[in-house]
file my_file_37.cif (mmCIF, C-alpha atoms)
data_target
#
loop_
_atom_site.label_atom_id
_atom_site.label_comp_id
_atom_site.auth_asym_id
_atom_site.auth_seq_id
_atom_site.Cartn_x
_atom_site.Cartn_y
_atom_site.Cartn_z
CA MET A 1 108.25 110.90 135.99
CA LEU A 2 107.69 108.75 132.97
CA ILE A 3 106.78 111.54 130.64
CA TYR A 4 107.71 115.15 130.19
CA LEU A 5 104.77 116.87 128.68
CA GLN A 6 105.82 120.20 127.24
CA VAL A 7 106.19 119.16 123.61
CA ILE A 8 103.35 119.65 121.19
CA GLU A 9 102.97 118.67 117.56
CA THR A 10 101.52 121.08 115.06
CA THR A 11 98.46 120.42 112.94
CA GLU A 12 100.54 121.22 109.86
CA ASP A 13 102.49 118.01 110.41
CA LYS A 14 99.25 116.03 110.17
CA SER A 15 98.29 117.13 106.71
CA LYS A 16 101.90 117.36 105.58
CA PHE A 17 102.48 113.64 105.89
CA GLU A 18 99.18 112.74 104.25
CA GLU A 19 99.77 115.13 101.35
CA ILE A 20 103.27 113.82 100.78
CA TYR A 21 101.96 110.27 100.91
CA ARG A 22 99.14 110.91 98.45
CA GLU A 23 101.39 112.78 96.06
CA TYR A 24 104.35 110.42 95.93
CA ARG A 25 103.21 106.91 96.80
CA GLY A 26 102.60 106.11 93.11
CA LEU A 27 106.02 107.29 92.02
CA ALA A 28 107.67 105.54 94.97
CA TYR A 29 106.02 102.28 93.97
CA HIS A 30 106.88 102.81 90.31
CA VAL A 31 110.57 103.31 91.14
CA ALA A 32 110.67 100.30 93.47
CA TYR A 33 108.81 98.00 91.07
CA LYS A 34 110.98 98.98 88.15
CA ARG A 35 113.93 97.38 89.87
CA LEU A 36 112.30 94.68 92.00
CA LYS A 37 109.62 93.42 89.59
CA HIS A 38 107.68 92.14 92.59
CA VAL A 39 104.43 93.68 93.89
CA GLN A 40 104.72 92.69 97.55
CA ASP A 41 108.38 93.64 97.85
CA SER A 42 107.70 96.97 96.17
CA GLU A 43 104.86 97.74 98.59
CA ASP A 44 107.13 96.85 101.51
CA VAL A 45 109.73 99.28 100.18
CA VAL A 46 107.13 102.06 99.87
CA GLN A 47 105.94 101.40 103.41
CA HIS A 48 109.50 101.52 104.75
CA VAL A 49 110.19 104.79 102.96
CA PHE A 50 107.05 106.47 104.30
CA MET A 51 108.01 105.28 107.76
CA LYS A 52 111.24 107.24 107.29
CA VAL A 53 109.20 110.21 106.11
CA ALA A 54 107.03 109.97 109.25
CA GLU A 55 110.12 109.81 111.45
CA ASN A 56 111.60 112.90 109.80
CA ILE A 57 108.35 114.76 109.19
CA LYS A 58 109.52 117.87 111.07
CA LYS A 59 112.50 118.30 108.79
CA ILE A 60 110.94 117.30 105.49
CA GLU A 61 109.53 120.01 103.23
CA PRO A 62 105.87 119.78 102.20
CA VAL A 63 105.11 118.50 98.70
CA SER A 64 107.98 119.85 96.58
CA PRO A 65 110.55 118.65 94.03
CA LYS A 66 113.04 118.30 96.87
CA THR A 67 110.71 116.03 98.84
CA LYS A 68 110.09 113.96 95.74
CA GLN A 69 113.84 113.57 95.28
CA PHE A 70 114.25 112.58 98.92
CA ILE A 71 111.60 109.88 98.60
CA VAL A 72 113.09 108.46 95.43
CA THR A 73 116.55 108.40 96.99
CA MET A 74 115.17 106.50 99.98
CA VAL A 75 113.33 104.06 97.72
CA GLU A 76 116.50 103.34 95.80
CA ASN A 77 118.46 102.81 98.96
CA ARG A 78 115.88 100.39 100.34
CA VAL A 79 115.71 98.44 97.09
CA THR A 80 119.49 98.05 97.03
CA ASP A 81 119.36 96.90 100.67
CA LEU A 82 116.86 94.22 99.72
CA PHE A 83 119.07 92.98 96.92
CA ARG A 84 122.04 92.87 99.26
CA VAL A 85 120.14 91.03 102.02
CA ARG A 86 119.09 88.42 99.49
CA GLY A 87 122.61 88.07 98.17
CA ASN A 88 121.67 89.41 94.74
CA GLN A 89 123.56 91.90 92.66
CA PRO A 90 121.58 95.17 92.83
CA VAL A 91 119.93 96.15 89.57
CA THR A 92 120.77 99.76 88.90
CA PHE A 93 119.04 102.35 86.74
CA LEU A 94 122.26 104.02 85.85
CA THR A 95 123.30 101.89 82.94
CA GLN A 96 125.71 103.26 80.37
CA GLU A 97 122.71 104.08 78.17
CA ALA A 98 120.97 105.91 81.02
CA LEU A 99 124.14 107.84 81.79
CA SER A 100 124.45 109.05 78.24
CA ARG A 101 120.78 110.12 78.19
CA LEU A 102 121.21 112.01 81.46
CA SER A 103 124.35 113.66 80.08
CA THR A 104 122.41 115.07 77.16
CA GLN A 105 119.96 116.88 79.44
CA PRO A 106 120.61 120.59 80.07
CA GLU A 107 122.06 119.92 83.52
CA GLY A 108 124.61 117.67 81.85
CA GLU A 109 126.46 120.80 80.79
CA ASN A 110 127.81 120.95 84.26
CA LEU A 111 130.76 118.58 84.49
CA LEU A 112 130.31 118.03 88.19
CA VAL A 113 126.73 116.88 87.61
CA GLU A 114 127.99 114.20 85.23
CA CYS A 115 130.61 113.16 87.76
CA ILE A 116 127.92 112.66 90.42
CA PHE A 117 126.10 110.24 88.12
CA LYS A 118 129.28 108.22 87.77
CA LEU A 119 129.59 107.67 91.53
CA PRO A 120 128.63 104.32 93.09
CA GLU A 121 125.00 104.42 94.23
CA GLN A 122 125.59 104.79 97.96
CA GLN A 123 128.14 107.58 97.47
CA ARG A 124 125.69 109.37 95.19
CA GLN A 125 122.93 109.03 97.79
CA VAL A 126 125.11 110.46 100.54
CA ILE A 127 126.07 113.40 98.30
CA TRP A 128 122.43 114.10 97.52
CA LEU A 129 121.23 113.76 101.12
CA LYS A 130 124.05 115.88 102.51
CA TYR A 131 124.52 118.60 99.91
CA HIS A 132 121.06 118.86 98.42
CA HIS A 133 118.79 117.93 101.32
CA GLY A 134 121.02 119.31 104.05
CA TYR A 135 121.05 116.30 106.37
CA SER A 136 123.96 115.75 108.71
CA LEU A 137 126.03 112.58 108.39
CA ARG A 138 124.52 111.38 111.65
CA GLU A 139 121.01 111.76 110.23
CA ILE A 140 122.08 110.13 106.97
CA SER A 141 123.56 107.16 108.80
CA ALA A 142 120.22 106.61 110.57
CA MET A 143 118.25 106.93 107.33
CA LEU A 144 120.46 104.61 105.34
CA ARG A 145 120.92 102.27 108.31
CA ILE A 146 124.71 102.49 108.25
CA SER A 147 127.14 103.45 111.00
CA LEU A 148 128.20 107.06 111.41
CA THR A 149 131.82 106.08 110.74
CA TRP A 150 130.79 104.39 107.52
CA ALA A 151 128.76 107.42 106.46
CA GLN A 152 131.81 109.63 107.09
CA LYS A 153 133.97 107.30 105.00
CA ILE A 154 131.46 107.27 102.15
CA ASP A 155 131.32 111.07 102.21
CA GLN A 156 135.12 111.33 102.07
CA ARG A 157 135.43 108.72 99.33
CA ALA A 158 132.68 110.33 97.30
CA LYS A 159 134.38 113.72 97.39
CA LYS A 160 137.75 112.19 96.52
CA LYS A 161 136.22 110.26 93.63
CA LEU A 162 134.41 113.37 92.41
CA GLU A 163 137.67 115.34 92.33
CA GLN A 164 139.32 112.57 90.36
CA LEU A 165 136.45 112.32 87.86
CA TYR A 166 136.27 116.09 87.57
CA LEU A 167 139.96 116.42 86.71
CA GLU A 168 139.78 113.50 84.30
CA GLY A 169 136.82 115.18 82.60
CA GLY A 170 138.87 118.30 81.97
CA GLY A 171 137.74 120.35 84.93
CA SER A 172 140.18 122.56 86.79
CA LEU A 173 140.34 123.07 90.53
CA MET B 1 139.32 121.55 95.49
CA ILE B 2 135.60 121.10 94.93
CA THR B 3 133.83 123.47 97.29
CA ASP B 4 130.65 122.71 99.23
CA GLU B 5 128.89 125.38 97.22
CA MET B 6 129.80 123.65 93.94
CA LEU B 7 128.62 120.36 95.40
CA CYS B 8 125.30 121.81 96.56
CA ILE B 9 124.53 123.17 93.08
CA ALA B 10 125.62 120.00 91.30
CA ALA B 11 123.75 117.75 93.79
CA ALA B 12 120.51 119.68 93.23
CA GLU B 13 120.89 119.61 89.44
CA SER B 14 121.82 115.93 89.25
CA SER B 15 119.01 114.92 91.59
CA ALA B 16 116.44 116.84 89.54
CA ALA B 17 117.71 115.33 86.28
CA TYR B 18 117.62 111.85 87.74
CA ILE B 19 114.00 112.23 88.88
CA ARG B 20 112.98 113.45 85.42
CA TYR B 21 114.65 110.41 83.94
CA LEU B 22 112.80 108.06 86.33
CA GLU B 23 109.48 109.78 85.70
CA GLN B 24 109.68 109.38 81.94
CA ASP B 25 107.64 106.17 81.96
CA PHE B 26 105.53 106.96 85.04
CA ASP B 27 101.87 107.69 84.38
CA PRO B 28 100.24 109.39 87.41
CA GLU B 29 96.79 108.59 85.96
CA HIS B 30 97.40 104.85 86.08
CA GLN B 31 98.95 104.22 89.46
CA HIS B 32 99.35 100.94 91.27
CA GLU B 33 96.42 99.97 93.48
CA PHE B 34 97.87 99.14 96.87
CA SER B 35 96.79 96.05 98.79
CA GLN B 36 94.54 96.27 101.88
CA ARG B 37 97.42 95.05 104.03
CA PHE B 38 99.49 97.97 102.80
CA GLU B 39 96.71 100.52 103.34
CA LYS B 40 96.29 99.30 106.92
CA LYS B 41 99.99 99.76 107.61
CA ILE B 42 99.90 103.25 106.13
CA LYS B 43 96.92 104.22 108.26
CA ARG B 44 98.96 103.30 111.32
CA LEU B 45 101.85 105.31 109.95
CA CYS B 46 99.60 108.33 109.45
CA ARG B 47 98.62 108.18 113.10
CA ARG B 48 102.29 108.04 113.97
CA ALA B 49 103.11 111.07 111.84
CA ASN B 50 100.09 112.88 113.20
CA HIS B 51 101.10 112.33 116.81
CA PRO B 52 104.88 112.30 117.01
CA PHE B 53 104.78 113.27 120.68
CA LEU B 54 102.65 110.28 121.58
CA TYR B 55 105.01 107.96 119.78
CA ARG B 56 108.05 109.53 121.33
CA SER B 57 106.45 108.85 124.73
CA LEU B 58 105.87 105.22 123.82
CA GLN B 59 109.37 104.85 122.46
CA ARG B 60 110.62 106.37 125.67
CA VAL B 61 108.92 103.62 127.64
CA ALA B 62 110.53 100.98 125.45
CA SER B 63 113.95 102.64 125.66
CA PHE B 64 113.65 102.90 129.39
CA PHE B 65 112.96 99.19 129.62
CA LEU B 66 115.98 98.39 127.48
CA ALA B 67 118.21 100.71 129.46
CA ALA B 68 117.09 99.03 132.66
CA LEU B 69 117.83 95.59 131.28
CA ILE B 70 121.24 96.54 129.95
CA GLY B 71 122.12 98.43 133.08
CA GLY B 72 121.34 95.38 135.21
CA ALA B 73 119.19 97.39 137.58
CA VAL B 74 118.91 96.00 141.07
CA TRP B 75 115.71 94.09 141.51
CA LEU B 76 114.34 94.62 144.97
CA SER B 77 111.16 92.68 145.43
CA VAL B 78 107.78 91.64 144.14
CA ASP B 79 105.07 93.48 145.94
CA ILE B 80 102.94 90.61 147.25
CA GLU B 81 100.28 92.93 148.58
CA ALA B 82 99.90 94.51 145.19
CA ARG B 83 99.74 91.09 143.62
CA ALA B 84 96.79 90.24 145.82
CA ALA B 85 95.08 93.52 145.15
CA PHE B 86 95.83 93.63 141.48
CA PHE B 87 94.66 90.16 140.65
CA GLU B 88 96.94 89.10 137.78
CA TRP B 89 99.06 92.22 137.96
CA VAL B 90 102.44 91.90 139.57
CA LYS B 91 104.24 94.99 140.73
CA GLU B 92 108.00 94.62 140.72
CA LEU B 93 110.08 97.16 142.57
CA TYR B 94 113.50 98.15 141.34
CA GLU B 95 115.90 100.77 142.57
CA ASN B 96 114.64 103.63 140.44
CA TYR B 97 111.54 102.33 138.79
CA ILE B 98 108.50 100.12 139.12
CA VAL B 99 107.20 97.59 136.63
CA TYR B 100 103.55 96.61 136.52
CA LYS B 101 103.29 93.26 134.77
CA PHE B 102 100.09 91.75 133.58
CA GLU B 103 100.41 88.02 133.06
CA THR B 104 97.10 86.65 131.97
CA ASP B 105 96.38 82.96 131.45
CA SER B 106 94.72 81.73 128.29
CA SER B 107 91.36 81.21 130.01
CA TYR B 108 91.17 84.85 131.06
CA ASN B 109 88.32 86.61 129.33
CA ALA B 110 89.64 90.12 128.85
CA SER B 111 87.41 93.14 128.55
CA VAL B 112 87.21 94.84 125.15
CA GLU B 113 85.62 98.03 126.42
CA GLU B 114 86.92 101.51 125.66
CA TYR B 115 87.40 103.98 128.50
CA ARG B 116 87.71 107.72 128.87
CA PRO B 117 87.73 110.09 131.85
CA THR B 118 84.44 112.01 131.99
CA TRP B 119 86.11 114.83 133.96
CA LEU B 120 89.09 116.68 132.53
CA PRO B 121 90.96 119.60 134.04
CA GLU B 122 90.05 122.91 132.43
CA GLY B 123 91.41 123.52 128.92
CA TYR B 124 92.45 119.95 128.12
CA LYS B 125 91.28 118.29 124.91
CA GLU B 126 91.95 114.84 123.49
CA THR B 127 94.44 115.22 120.65
CA GLY B 128 95.39 111.64 119.85
CA ASN B 129 95.22 108.04 120.84
CA ASP B 130 96.83 104.81 119.86
CA VAL B 131 97.19 101.16 120.79
CA PHE B 132 100.64 99.88 121.60
CA ARG B 133 100.66 96.15 122.26
CA ASP B 134 97.70 95.86 124.57
CA THR B 135 97.76 99.34 126.04
CA VAL B 136 95.52 102.11 124.76
CA THR B 137 97.11 105.51 125.28
CA VAL B 138 95.20 108.76 124.97
CA LEU B 139 96.94 112.11 124.80
CA TYR B 140 95.35 115.34 126.02
CA ILE B 141 96.80 118.80 125.57
CA ASN B 142 95.70 122.11 127.05
CA ASN B 143 95.97 125.57 125.52
CA LYS B 144 99.31 126.14 127.28
CA GLY B 145 100.79 123.16 125.43
CA GLN B 146 100.91 120.98 128.53
CA GLY B 147 100.16 117.34 127.95
CA MET B 148 98.47 114.63 129.94
CA ILE B 149 98.39 110.90 129.30
CA PHE B 150 95.60 108.47 130.10
CA SER B 151 96.34 104.77 129.46
CA TYR B 152 94.55 101.54 130.09
CA SER B 153 95.14 97.90 129.41
CA ASN B 154 92.72 95.04 129.64
CA GLY B 155 95.45 92.43 129.48
CA GLN B 156 94.52 90.55 126.36
CA LYS B 157 98.22 90.12 125.81
CA LYS B 158 101.12 90.27 128.20
CA SER B 159 101.96 93.88 128.93
CA ASP B 160 104.44 95.72 131.11
CA TRP B 161 104.25 99.31 132.31
CA PHE B 162 107.31 101.10 133.59
CA ILE B 163 107.20 104.01 135.98
CA ASP B 164 110.27 105.96 136.88
CA GLN B 165 110.07 106.53 140.61
CA SER B 166 113.27 108.53 141.10
CA SER B 167 112.47 111.79 142.92
CA THR B 168 108.95 110.65 143.62
CA VAL B 169 107.01 109.89 146.75
CA THR B 170 104.75 106.85 146.53
CA LYS B 171 101.38 107.12 148.22
CA TYR B 172 98.62 104.59 148.52
CA SER B 173 95.10 105.72 147.86
CA GLN B 174 91.81 104.52 146.42
CA VAL B 175 89.88 105.05 143.19
CA ASN B 176 86.23 104.06 143.53
CA GLN B 177 87.12 101.81 146.48
CA MET B 178 89.87 100.07 144.49
CA PRO B 179 93.51 100.36 145.63
CA ALA B 180 95.61 102.89 143.73
CA ASP B 181 99.28 103.88 143.70
CA LEU B 182 100.10 107.57 143.46
CA TYR B 183 103.54 108.79 142.38
CA ILE B 184 103.98 112.37 143.42
CA ASN B 185 107.03 114.24 142.19
CA GLU B 186 109.06 116.33 144.54
CA GLY B 187 110.06 118.81 141.82
CA SER B 188 107.62 120.86 139.76
CA GLY B 189 109.11 120.09 136.33
CA THR B 190 107.68 116.60 135.94
CA ALA B 191 104.23 115.10 136.06
CA ASN B 192 102.50 113.13 138.81
CA SER B 193 100.97 109.73 138.13
CA ILE B 194 98.36 107.35 139.39
CA VAL B 195 97.94 103.63 138.67
CA TRP B 196 94.91 101.57 139.63
CA LEU B 197 92.87 98.56 138.65
CA SER B 198 89.12 98.54 138.17
CA ALA B 199 86.77 95.83 139.37
CA ASP B 200 86.78 94.24 135.88
CA ASN B 201 90.59 93.90 135.92
CA THR B 202 91.35 96.76 133.59
CA ALA B 203 94.49 98.60 134.62
CA PHE B 204 94.59 102.39 134.33
CA TYR B 205 97.34 105.00 134.36
CA ILE B 206 97.20 108.77 134.32
CA SER B 207 100.22 111.03 134.18
CA ALA B 208 99.61 114.75 134.37
CA PHE B 209 100.61 118.05 135.91
CA LEU B 210 97.81 117.75 138.46
CA ASN B 211 97.78 117.66 142.22
CA GLU B 212 96.85 114.55 144.15
CA SER B 213 93.15 115.33 144.56
CA ASP B 214 92.65 116.26 140.89
CA LEU B 215 94.43 113.10 139.80
CA ILE B 216 92.04 111.02 141.93
CA LYS B 217 89.06 113.07 140.73
CA MET B 218 90.00 112.39 137.13
CA ALA B 219 90.65 108.70 137.86
CA GLU B 220 87.27 108.30 139.54
CA SER B 221 85.55 109.86 136.54
CA VAL B 222 86.79 107.16 134.13
CA LYS B 223 83.85 105.43 132.49
CA CYS B 224 83.35 102.90 129.75
CA SER B 225 82.77 104.88 126.53
CA SER B 226 82.06 102.07 124.08
#
call {"tool": "encode", "arguments": {"input": "my_file_37.cif", "output": "structure tokens"}}
result
Amino acid sequence: MLIYLQVIETTEDKSKFEEIYREYRGLAYHVAYKRLKHVQDSEDVVQHVFMKVAENIKKIEPVSPKTKQFIVTMVENRVTDLFRVRGNQPVTFLTQEALSRLSTQPEGENLLVECIFKLPEQQRQVIWLKYHHGYSLREISAMLRISLTWAQKIDQRAKKKLEQLYLEGGGSL
Amino acid sequence: MITDEMLCIAAAESSAAYIRYLEQDFDPEHQHEFSQRFEKKIKRLCRRANHPFLYRSLQRVASFFLAALIGGAVWLSVDIEARAAFFEWVKELYENYIVYKFETDSSYNASVEEYRPTWLPEGYKETGNDVFRDTVTVLYINNKGQGMIFSYSNGQKKSDWFIDQSSTVTKYSQVNQMPADLYINEGSGTANSIVWLSADNTAFYISAFLNESDLIKMAESVKCSS
């Protein structure tokens, strides 16, 4: 028949989404507005990102640094999409100045961390979603609205580029 | 070669550092005040997150429709009898499914009432409801985790309902003297359904793991709750 009725949602999912929304909507807007400089567009980005959160609510952790990072990654991706759709060059946070500031943070001691910051935005996002958040390339392709083949290519290119940057930076493999 | 383990550690560290960098000029005490339009959208989203099963069911209906269109399903006939009985509802029969179409004209004064069954099988409780196009769908779940769907549409906008009739036996019955279609499954793994129209041209649908008489009993108990 039309429906198969053995699945049930948990009450934890209810509050989980609302808590995540309350906790991170401000930051999500802040990140979007910083690049877009447009209130309506920034709100649209936040709405899109929380739609993705709702779709993946089962897999997303409750309020946590990891969830915050996931939301910011999704905001950035959506903002870049908007720039692309409008034929504009995406404005990126990772300017040379920003890179040098990030490199001076404690994590910057790790060469591979610095290399990740030098990756193109989409490659960096795939690395974060796959290796930090544990999503499969299929899930990532749906989140970033790219084909699975393209997600696989980005993953391969990112790893190749990281190896190159790592060796150039004096790392040994 | 850079190992996955190295990547996992570096990805976590770089992500954390990046967030700290972005948060440097973010003041949680002075956050943006979102517009009403935005808040409305988020409320809808909350309902969606709160009831993923309900939304999956609705998406399933939409996907089924698309699959049928792409697959070029064989259209068999329009049920003229149903058209007469169901006023502005047209029942189209296809090979494996049935489509109930409500095509209202602009002069039609649709009902804005809310409905609920006043009799529910033991253990069932309403756990969610939502409006999709013009159809209100209410989800009930019992303590065994079995679900049951009650839907109605008053046809303010054009709406289509799709019912998969593979492995089902169609029976004709009545709900409060109004004609009703019953879809009884031959297997035990899927739910049975009933579709009928009330005297005020509101169309109703129940899908549940209930036998024929309980389905009719529940259908006959539907009352205006608003």
call {"tool": "closest_residue", "arguments": {"input": "my_file_37.cif", "among": "B:Trp196, B:Phe162, B:Tyr172, B:Tyr100", "to": "chain A", "atoms": "all atoms listed in the file"}}
result
B:Phe162
call {"tool": "resolve_selection", "arguments": {"input": "my_file_37.cif", "expression": "the PyMOL selection byres ((chain B and resi 198-210) around 6)", "output": "PDB file with C-alpha atoms, in the coordinates of the input"}}
result
ATOM      1  CA  MET B 148      98.470 114.630 129.940  1.00  0.00           C
ATOM      2  CA  ILE B 149      98.390 110.900 129.300  1.00  0.00           C
ATOM      3  CA  PHE B 150      95.600 108.470 130.100  1.00  0.00           C
ATOM      4  CA  SER B 151      96.340 104.770 129.460  1.00  0.00           C
ATOM      5  CA  TYR B 152      94.550 101.540 130.090  1.00  0.00           C
ATOM      6  CA  SER B 153      95.140  97.900 129.410  1.00  0.00           C
ATOM      7  CA  ASN B 154      92.720  95.040 129.640  1.00  0.00           C
ATOM      8  CA  ALA B 191     104.230 115.100 136.060  1.00  0.00           C
ATOM      9  CA  ASN B 192     102.500 113.130 138.810  1.00  0.00           C
ATOM     10  CA  SER B 193     100.970 109.730 138.130  1.00  0.00           C
ATOM     11  CA  ILE B 194      98.360 107.350 139.390  1.00  0.00           C
ATOM     12  CA  VAL B 195      97.940 103.630 138.670  1.00  0.00           C
ATOM     13  CA  TRP B 196      94.910 101.570 139.630  1.00  0.00           C
ATOM     14  CA  LEU B 197      92.870  98.560 138.650  1.00  0.00           C
ATOM     15  CA  ASN B 211      97.780 117.660 142.220  1.00  0.00           C
ATOM     16  CA  ASP B 214      92.650 116.260 140.890  1.00  0.00           C
ATOM     17  CA  LEU B 215      94.430 113.100 139.800  1.00  0.00           C
TER      18      LEU B 215
END
call {"tool": "resolve_selection", "arguments": {"input": "my_file_37.cif", "expression": "the PyMOL selection byres ((chain B and resi 114) around 12)", "output": "list in words"}}
result
Ser111, Val112, Glu113, Tyr115, Arg116, Pro117, Asn129, Asp130, Val131, Thr135, Val136, Thr137, Val138, Phe150, Ser151, Tyr152, Ser153, Asn154, Thr202, Phe204, Val222, Lys223, Cys224, Ser225 and Ser226 of chain B
call {"tool": "closest_residue", "arguments": {"input": "my_file_37.cif", "among": "A:Glu121, A:Glu76, A:Glu55, A:Glu19", "to": "chain B", "atoms": "all atoms listed in the file"}}
result
A:Glu55
call {"tool": "residues_around", "arguments": {"input": "my_file_37.cif", "residues": "region 122-130 of chain A", "least_positions_apart": "5", "cutoff": "7 Å", "atoms": "all atoms listed in the file", "output": "PDB file with C-alpha atoms, keeping the file's coordinate frame"}}
result
ATOM      1  CA  THR A  73     116.550 108.400  96.990  1.00  0.00           C
ATOM      2  CA  ILE A 116     127.920 112.660  90.420  1.00  0.00           C
ATOM      3  CA  TYR A 135     121.050 116.300 106.370  1.00  0.00           C
ATOM      4  CA  SER A 136     123.960 115.750 108.710  1.00  0.00           C
ATOM      5  CA  ILE A 140     122.080 110.130 106.970  1.00  0.00           C
ATOM      6  CA  ILE A 154     131.460 107.270 102.150  1.00  0.00           C
ATOM      7  CA  ASP A 155     131.320 111.070 102.210  1.00  0.00           C
ATOM      8  CA  ALA A 158     132.680 110.330  97.300  1.00  0.00           C
TER       9      ALA A 158
ATOM     10  CA  ALA B  11     123.750 117.750  93.790  1.00  0.00           C
ATOM     11  CA  SER B  15     119.010 114.920  91.590  1.00  0.00           C
TER      12      SER B  15
END
call {"tool": "build_atoms", "arguments": {"input": "my_file_37.cif", "residues": "region 161-167 of chain A", "atoms": "all heavy atoms", "output": "CSV table (one decimal), in the frame of the given file"}}
result
chain,number,residue,atom,x,y,z
A,161,LYS,N,136.5,110.8,94.9
A,161,LYS,CA,136.2,110.3,93.6
A,161,LYS,C,135.7,111.4,92.7
A,161,LYS,O,136.1,111.4,91.5
A,161,LYS,CB,135.1,109.2,93.8
A,161,LYS,CG,134.7,108.5,92.6
A,161,LYS,CD,135.6,107.3,92.2
A,161,LYS,CE,135.1,106.6,90.9
A,161,LYS,NZ,136.2,105.8,90.4
A,162,LEU,N,134.9,112.3,93.2
A,162,LEU,CA,134.4,113.4,92.4
A,162,LEU,C,135.6,114.2,91.9
A,162,LEU,O,135.5,114.7,90.7
A,162,LEU,CB,133.4,114.2,93.2
A,162,LEU,CG,132.0,113.7,93.3
A,162,LEU,CD1,131.2,114.6,94.2
A,162,LEU,CD2,131.3,113.6,91.9
A,163,GLU,N,136.5,114.5,92.7
A,163,GLU,CA,137.7,115.3,92.3
A,163,GLU,C,138.4,114.7,91.2
A,163,GLU,O,138.8,115.3,90.2
A,163,GLU,CB,138.6,115.6,93.5
A,163,GLU,CG,138.0,116.6,94.5
A,163,GLU,CD,139.1,117.2,95.4
A,163,GLU,OE1,140.2,116.7,95.4
A,163,GLU,OE2,138.7,118.0,96.2
A,164,GLN,N,138.6,113.3,91.4
A,164,GLN,CA,139.3,112.6,90.4
A,164,GLN,C,138.6,112.6,89.0
A,164,GLN,O,139.2,112.9,88.0
A,164,GLN,CB,139.5,111.1,90.9
A,164,GLN,CG,140.2,110.2,90.0
A,164,GLN,CD,139.9,108.8,90.3
A,164,GLN,OE1,139.6,108.4,91.4
A,164,GLN,NE2,140.0,107.9,89.3
A,165,LEU,N,137.3,112.3,89.1
A,165,LEU,CA,136.4,112.3,87.9
A,165,LEU,C,136.4,113.7,87.2
A,165,LEU,O,136.4,113.8,86.0
A,165,LEU,CB,135.0,111.9,88.2
A,165,LEU,CG,134.8,110.4,88.6
A,165,LEU,CD1,133.4,110.2,89.2
A,165,LEU,CD2,135.0,109.5,87.3
A,166,TYR,N,136.4,114.7,88.0
A,166,TYR,CA,136.3,116.1,87.6
A,166,TYR,C,137.5,116.5,86.8
A,166,TYR,O,137.5,117.1,85.7
A,166,TYR,CB,136.1,117.0,88.8
A,166,TYR,CG,135.7,118.4,88.4
A,166,TYR,CD1,134.4,118.7,88.0
A,166,TYR,CD2,136.6,119.5,88.6
A,166,TYR,CE1,134.0,120.0,87.7
A,166,TYR,CE2,136.2,120.8,88.4
A,166,TYR,CZ,134.9,121.0,87.9
A,166,TYR,OH,134.6,122.3,87.6
A,167,LEU,N,138.7,116.1,87.4
A,167,LEU,CA,140.0,116.4,86.7
A,167,LEU,C,140.1,115.6,85.4
A,167,LEU,O,140.5,116.1,84.4
A,167,LEU,CB,141.1,116.1,87.7
A,167,LEU,CG,141.2,117.1,88.9
A,167,LEU,CD1,142.3,116.6,89.8
A,167,LEU,CD2,141.6,118.5,88.4
